[in-house]
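One file, input.pdb, is given below (PDB, C-alpha atoms).
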MODEL        1
ATOM      1  CA  MET A   1       0.000   0.000   0.000
ATOM      2  CA  ALA A   2       1.501   3.335  -1.031
ATOM      3  CA  ALA A   3       0.106   5.450   1.785
ATOM      4  CA  PRO A   4      -2.260   4.355   4.535
ATOM      5  CA  TYR A   5      -5.666   5.837   5.143
ATOM      6  CA  GLU A   6      -5.202   8.474   7.831
ATOM      7  CA  THR A   7      -6.993   7.889  11.104
ATOM      8  CA  ALA A   8      -6.841  11.599  11.995
ATOM      9  CA  GLN A   9     -10.079  13.135  10.791
ATOM     10  CA  PRO A  10      -9.938  16.560   9.159
ATOM     11  CA  GLU A  11     -12.847  18.821  10.035
ATOM     12  CA  ARG A  12     -15.535  19.260   7.392
ATOM     13  CA  ASN A  13     -15.195  23.059   7.495
ATOM     14  CA  SER A  14     -11.462  22.808   6.731
ATOM     15  CA  ILE A  15     -12.206  20.513   3.768
ATOM     16  CA  ASP A  16     -14.899  22.901   2.490
ATOM     17  CA  ALA A  17     -12.410  25.796   2.688
ATOM     18  CA  MET A  18      -9.695  24.093   0.613
ATOM     19  CA  PRO A  19      -9.062  25.880  -2.678
ATOM     20  CA  GLY A  20      -8.569  24.076  -5.952
ATOM     21  CA  LEU A  21      -8.931  20.391  -6.703
ATOM     22  CA  VAL A  22      -9.178  17.935  -3.807
ATOM     23  CA  ALA A  23      -9.691  14.174  -4.023
ATOM     24  CA  LEU A  24     -11.028  12.778  -0.751
ATOM     25  CA  ASP A  25     -10.371   9.046  -0.760
ATOM     26  CA  PHE A  26     -12.526   7.295   1.859
ATOM     27  CA  GLY A  27     -11.684   3.731   2.813
ATOM     28  CA  ALA A  28      -9.977   1.520   5.364
ATOM     29  CA  ASN A  29      -6.509  -0.013   5.487
ATOM     30  CA  TRP A  30      -7.932  -3.526   5.933
ATOM     31  CA  CYS A  31     -10.462  -3.170   3.071
ATOM     32  CA  GLY A  32      -9.776  -5.507   0.146
ATOM     33  CA  TYR A  33     -11.696  -3.316  -2.307
ATOM     34  CA  CYS A  34      -9.601  -0.337  -1.189
ATOM     35  CA  ARG A  35      -6.326  -2.181  -1.701
ATOM     36  CA  ALA A  36      -7.468  -3.416  -5.115
ATOM     37  CA  ALA A  37      -8.517   0.076  -6.273
ATOM     38  CA  GLU A  38      -5.447   1.875  -4.931
ATOM     39  CA  PRO A  39      -3.269   1.465  -8.076
ATOM     40  CA  ALA A  40      -6.036   2.878 -10.298
ATOM     41  CA  ILE A  41      -6.632   5.826  -7.960
ATOM     42  CA  GLU A  42      -2.912   6.579  -7.658
ATOM     43  CA  GLN A  43      -2.409   6.277 -11.430
ATOM     44  CA  ALA A  44      -5.250   8.694 -12.194
ATOM     45  CA  LEU A  45      -4.102  11.225  -9.607
ATOM     46  CA  ALA A  46      -0.558  11.116 -11.013
ATOM     47  CA  ASP A  47      -2.023  12.831 -14.097
ATOM     48  CA  TYR A  48      -3.295  15.682 -11.884
ATOM     49  CA  PRO A  49      -0.277  16.912  -9.896
ATOM     50  CA  SER A  50      -2.129  19.996  -8.648
ATOM     51  CA  ALA A  51      -4.815  17.866  -6.981
ATOM     52  CA  ARG A  52      -4.596  17.273  -3.239
ATOM     53  CA  HIS A  53      -5.136  13.605  -2.411
ATOM     54  CA  ILE A  54      -6.422  13.098   1.114
ATOM     55  CA  LYS A  55      -6.877   9.501   2.250
ATOM     56  CA  VAL A  56      -9.372   9.330   5.097
ATOM     57  CA  GLU A  57     -10.041   6.202   7.124
ATOM     58  CA  ASP A  58     -13.782   5.742   7.337
ATOM     59  CA  GLY A  59     -15.931   3.619   9.602
ATOM     60  CA  PRO A  60     -18.493   3.741  12.394
ATOM     61  CA  GLY A  61     -18.432   7.019  14.265
ATOM     62  CA  ARG A  62     -16.361   8.803  11.620
ATOM     63  CA  LYS A  63     -18.037  12.175  11.151
ATOM     64  CA  LEU A  64     -16.373  13.225   7.901
ATOM     65  CA  GLY A  65     -17.498  10.096   6.055
ATOM     66  CA  ARG A  66     -21.023  10.526   7.388
ATOM     67  CA  SER A  67     -21.092  14.166   6.296
ATOM     68  CA  PHE A  68     -20.346  13.021   2.728
ATOM     69  CA  ARG A  69     -22.833  10.123   3.026
ATOM     70  CA  ILE A  70     -20.208   7.493   2.251
ATOM     71  CA  LYS A  71     -21.804   4.045   1.934
ATOM     72  CA  LEU A  72     -19.156   1.861   0.235
ATOM     73  CA  TRP A  73     -15.362   1.851   0.146
ATOM     74  CA  PRO A  74     -13.374   3.104  -1.506
ATOM     75  CA  THR A  75     -15.236   6.223  -2.505
ATOM     76  CA  VAL A  76     -13.320   9.121  -4.023
ATOM     77  CA  VAL A  77     -15.126  12.442  -3.651
ATOM     78  CA  VAL A  78     -13.803  15.128  -5.993
ATOM     79  CA  LEU A  79     -14.105  18.694  -4.755
ATOM     80  CA  LYS A  80     -13.358  21.946  -6.516
ATOM     81  CA  ASP A  81     -12.999  24.951  -4.243
ATOM     82  CA  GLY A  82     -14.816  23.063  -1.486
ATOM     83  CA  GLN A  83     -17.794  21.977  -3.594
ATOM     84  CA  GLU A  84     -18.415  18.353  -4.563
ATOM     85  CA  VAL A  85     -18.384  17.972  -8.342
ATOM     86  CA  ALA A  86     -18.061  14.206  -8.736
ATOM     87  CA  ARG A  87     -17.554  10.938  -6.933
ATOM     88  CA  VAL A  88     -16.605   7.429  -7.899
ATOM     89  CA  THR A  89     -17.186   4.337  -5.791
ATOM     90  CA  ARG A  90     -15.070   1.201  -6.097
ATOM     91  CA  PRO A  91     -13.327   2.248  -9.311
ATOM     92  CA  ASP A  92     -12.173  -0.593 -11.556
ATOM     93  CA  SER A  93      -9.846   1.548 -13.641
ATOM     94  CA  ALA A  94      -7.844   4.745 -13.575
ATOM     95  CA  ASP A  95     -10.117   6.063 -16.333
ATOM     96  CA  GLU A  96     -13.114   6.097 -13.966
ATOM     97  CA  VAL A  97     -11.182   8.301 -11.556
ATOM     98  CA  ARG A  98      -9.845  10.474 -14.391
ATOM     99  CA  MET A  99     -13.402  11.106 -15.609
ATOM    100  CA  ALA A 100     -14.401  12.269 -12.125
ATOM    101  CA  LEU A 101     -11.375  14.573 -11.978
ATOM    102  CA  ALA A 102     -12.182  15.904 -15.456
ATOM    103  CA  GLN A 103     -15.673  16.877 -14.250
ATOM    104  CA  ALA A 104     -13.932  19.314 -11.921
ATOM    105  CA  GLY A 105     -12.405  21.025 -14.924
ATOM    106  CA  ALA A 106      -8.938  19.782 -14.008
ATOM    107  CA  ALA A 107      -6.300  19.769 -16.690
TER     108      ALA A 107
ENDMDL
END

Could the structure of this file be written out as structure tokens, please?
Amino acid sequence: MAAPYETAQPERNSIDAMPGLVALDFGANWCGYCRAAEPAIEQALADYPSARHIKVEDGPGRKLGRSFRIKLWPTVVVLKDGQEVARVTRPDSADEVRMALAQAGAA
């Protein structure tokens, strides 16, 4: 695994205030789907060096995941200037993630 999902939870208001392109990657370090999707997510984000990639460990009692209504892992929520513009759940390919990033107008 390239980088683990962070157990420290950022506050929703700090996420909403982030400028530019942000990819919130919700999952869990023990999640098989998350481990399987990681190469595709990393590959897609490599094409968007200006995007901030924030891996957030989700689970019961995790407020940030609940605030984004995360149901399945991994779910990548794409934000532009604090506003959700796209999301992809359990991506099978880097192209699925790239399409979500493209919806944010990223180049």

Next item on the list: Excluding Ile70 (chain A) and residues on its chain fewer than 6 positions from it, collect all residues at most 10 Å away from it, counting only C-alpha atoms, and give them as a PyMOL selection string.
Entry: chain A and resi 26-27+58-59+64+76-77+89

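The spacing separating CA of Gly105 (chain A) from CA of Pro19 (chain A) amounts to 13.6 Å.
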
Check: Expressed in Å to a single decimal, how great is the separation between CA of Asp92 (chain A) and CA of Met18 (chain A)?
Finding: 27.6 Å

Next item on the list: Kindly provide, as a PyMOL selection string, the polymer residues lying within 9 Å of (-7.1, 6.1, 7.8), counting all atoms listed in the file and using the coordinates exactly as they appear in the file.
Entry: chain A and resi 4-9+26-29+55-58

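In this structure, CA of Pro60 (chain A) sits 20.7 Å away from CA of Val88 (chain A).
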
Item checked: Residues selected by the PyMOL selection byres ((chain A and resi 80-86) around 12), written as a PyMOL selection string -> chain A and resi 12-24+50-52+67-68+75-79+87-89+96-106

Starting from the block above, write region 20-49 of chain A out to a file with N, CA and C atoms, as a JSON list (two decimals), in the first residue's frame, please.
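Okay, decode-v4.json is ready:
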[["chain", "number", "residue", "atom", "x", "y", "z"],
["A", 20, "GLY", "N", -9.05, 24.96, -4.89],
["A", 20, "GLY", "CA", -8.57, 24.08, -5.95],
["A", 20, "GLY", "C", -9.18, 22.69, -5.90],
["A", 21, "LEU", "N", -8.46, 21.76, -6.53],
["A", 21, "LEU", "CA", -8.93, 20.39, -6.70],
["A", 21, "LEU", "C", -8.49, 19.52, -5.54],
["A", 22, "VAL", "N", -9.45, 18.83, -4.93],
["A", 22, "VAL", "CA", -9.18, 17.94, -3.81],
["A", 22, "VAL", "C", -9.87, 16.61, -4.09],
["A", 23, "ALA", "N", -9.12, 15.51, -3.91],
["A", 23, "ALA", "CA", -9.69, 14.17, -4.02],
["A", 23, "ALA", "C", -9.70, 13.55, -2.64],
["A", 24, "LEU", "N", -10.87, 13.43, -2.06],
["A", 24, "LEU", "CA", -11.03, 12.78, -0.75],
["A", 24, "LEU", "C", -11.26, 11.30, -1.01],
["A", 25, "ASP", "N", -10.36, 10.49, -0.52],
["A", 25, "ASP", "CA", -10.37, 9.05, -0.76],
["A", 25, "ASP", "C", -10.76, 8.36, 0.55],
["A", 26, "PHE", "N", -12.02, 7.94, 0.65],
["A", 26, "PHE", "CA", -12.53, 7.30, 1.86],
["A", 26, "PHE", "C", -12.38, 5.79, 1.75],
["A", 27, "GLY", "N", -11.84, 5.18, 2.80],
["A", 27, "GLY", "CA", -11.68, 3.73, 2.81],
["A", 27, "GLY", "C", -11.15, 3.27, 4.15],
["A", 28, "ALA", "N", -10.58, 2.08, 4.15],
["A", 28, "ALA", "CA", -9.98, 1.52, 5.36],
["A", 28, "ALA", "C", -8.76, 0.70, 4.96],
["A", 29, "ASN", "N", -7.75, 0.69, 5.81],
["A", 29, "ASN", "CA", -6.51, -0.01, 5.49],
["A", 29, "ASN", "C", -6.70, -1.52, 5.34],
["A", 30, "TRP", "N", -7.69, -2.09, 6.00],
["A", 30, "TRP", "CA", -7.93, -3.53, 5.93],
["A", 30, "TRP", "C", -8.88, -3.92, 4.80],
["A", 31, "CYS", "N", -9.44, -2.95, 4.10],
["A", 31, "CYS", "CA", -10.46, -3.17, 3.07],
["A", 31, "CYS", "C", -9.85, -3.72, 1.78],
["A", 32, "GLY", "N", -10.28, -4.90, 1.37],
["A", 32, "GLY", "CA", -9.78, -5.51, 0.15],
["A", 32, "GLY", "C", -10.11, -4.70, -1.10],
["A", 33, "TYR", "N", -11.32, -4.15, -1.17],
["A", 33, "TYR", "CA", -11.70, -3.32, -2.31],
["A", 33, "TYR", "C", -10.79, -2.09, -2.40],
["A", 34, "CYS", "N", -10.46, -1.53, -1.23],
["A", 34, "CYS", "CA", -9.60, -0.34, -1.19],
["A", 34, "CYS", "C", -8.20, -0.66, -1.70],
["A", 35, "ARG", "N", -7.67, -1.78, -1.25],
["A", 35, "ARG", "CA", -6.33, -2.18, -1.70],
["A", 35, "ARG", "C", -6.32, -2.47, -3.19],
["A", 36, "ALA", "N", -7.39, -3.09, -3.69],
["A", 36, "ALA", "CA", -7.47, -3.42, -5.11],
["A", 36, "ALA", "C", -7.59, -2.16, -5.98],
["A", 37, "ALA", "N", -8.30, -1.15, -5.49],
["A", 37, "ALA", "CA", -8.52, 0.08, -6.27],
["A", 37, "ALA", "C", -7.37, 1.07, -6.16],
["A", 38, "GLU", "N", -6.50, 0.89, -5.18],
["A", 38, "GLU", "CA", -5.45, 1.87, -4.93],
["A", 38, "GLU", "C", -4.57, 2.16, -6.15],
["A", 39, "PRO", "N", -4.10, 1.15, -6.90],
["A", 39, "PRO", "CA", -3.27, 1.47, -8.08],
["A", 39, "PRO", "C", -4.00, 2.34, -9.10],
["A", 40, "ALA", "N", -5.28, 2.07, -9.34],
["A", 40, "ALA", "CA", -6.04, 2.88, -10.30],
["A", 40, "ALA", "C", -6.19, 4.31, -9.81],
["A", 41, "ILE", "N", -6.47, 4.48, -8.53],
["A", 41, "ILE", "CA", -6.63, 5.83, -7.96],
["A", 41, "ILE", "C", -5.32, 6.59, -8.03],
["A", 42, "GLU", "N", -4.23, 5.94, -7.63],
["A", 42, "GLU", "CA", -2.91, 6.58, -7.66],
["A", 42, "GLU", "C", -2.50, 6.94, -9.09],
["A", 43, "GLN", "N", -2.77, 6.03, -10.03],
["A", 43, "GLN", "CA", -2.41, 6.28, -11.43],
["A", 43, "GLN", "C", -3.17, 7.49, -11.98],
["A", 44, "ALA", "N", -4.45, 7.56, -11.71],
["A", 44, "ALA", "CA", -5.25, 8.69, -12.19],
["A", 44, "ALA", "C", -4.78, 10.00, -11.57],
["A", 45, "LEU", "N", -4.53, 9.99, -10.28],
["A", 45, "LEU", "CA", -4.10, 11.22, -9.61],
["A", 45, "LEU", "C", -2.71, 11.67, -10.03],
["A", 46, "ALA", "N", -1.89, 10.75, -10.51],
["A", 46, "ALA", "CA", -0.56, 11.12, -11.01],
["A", 46, "ALA", "C", -0.67, 12.05, -12.22],
["A", 47, "ASP", "N", -1.79, 11.96, -12.94],
["A", 47, "ASP", "CA", -2.02, 12.83, -14.10],
["A", 47, "ASP", "C", -2.50, 14.22, -13.69],
["A", 48, "TYR", "N", -2.78, 14.42, -12.40],
["A", 48, "TYR", "CA", -3.30, 15.68, -11.88],
["A", 48, "TYR", "C", -2.43, 16.13, -10.71],
["A", 49, "PRO", "N", -1.20, 16.58, -10.99],
["A", 49, "PRO", "CA", -0.28, 16.91, -9.90],
["A", 49, "PRO", "C", -0.75, 18.06, -9.00]]
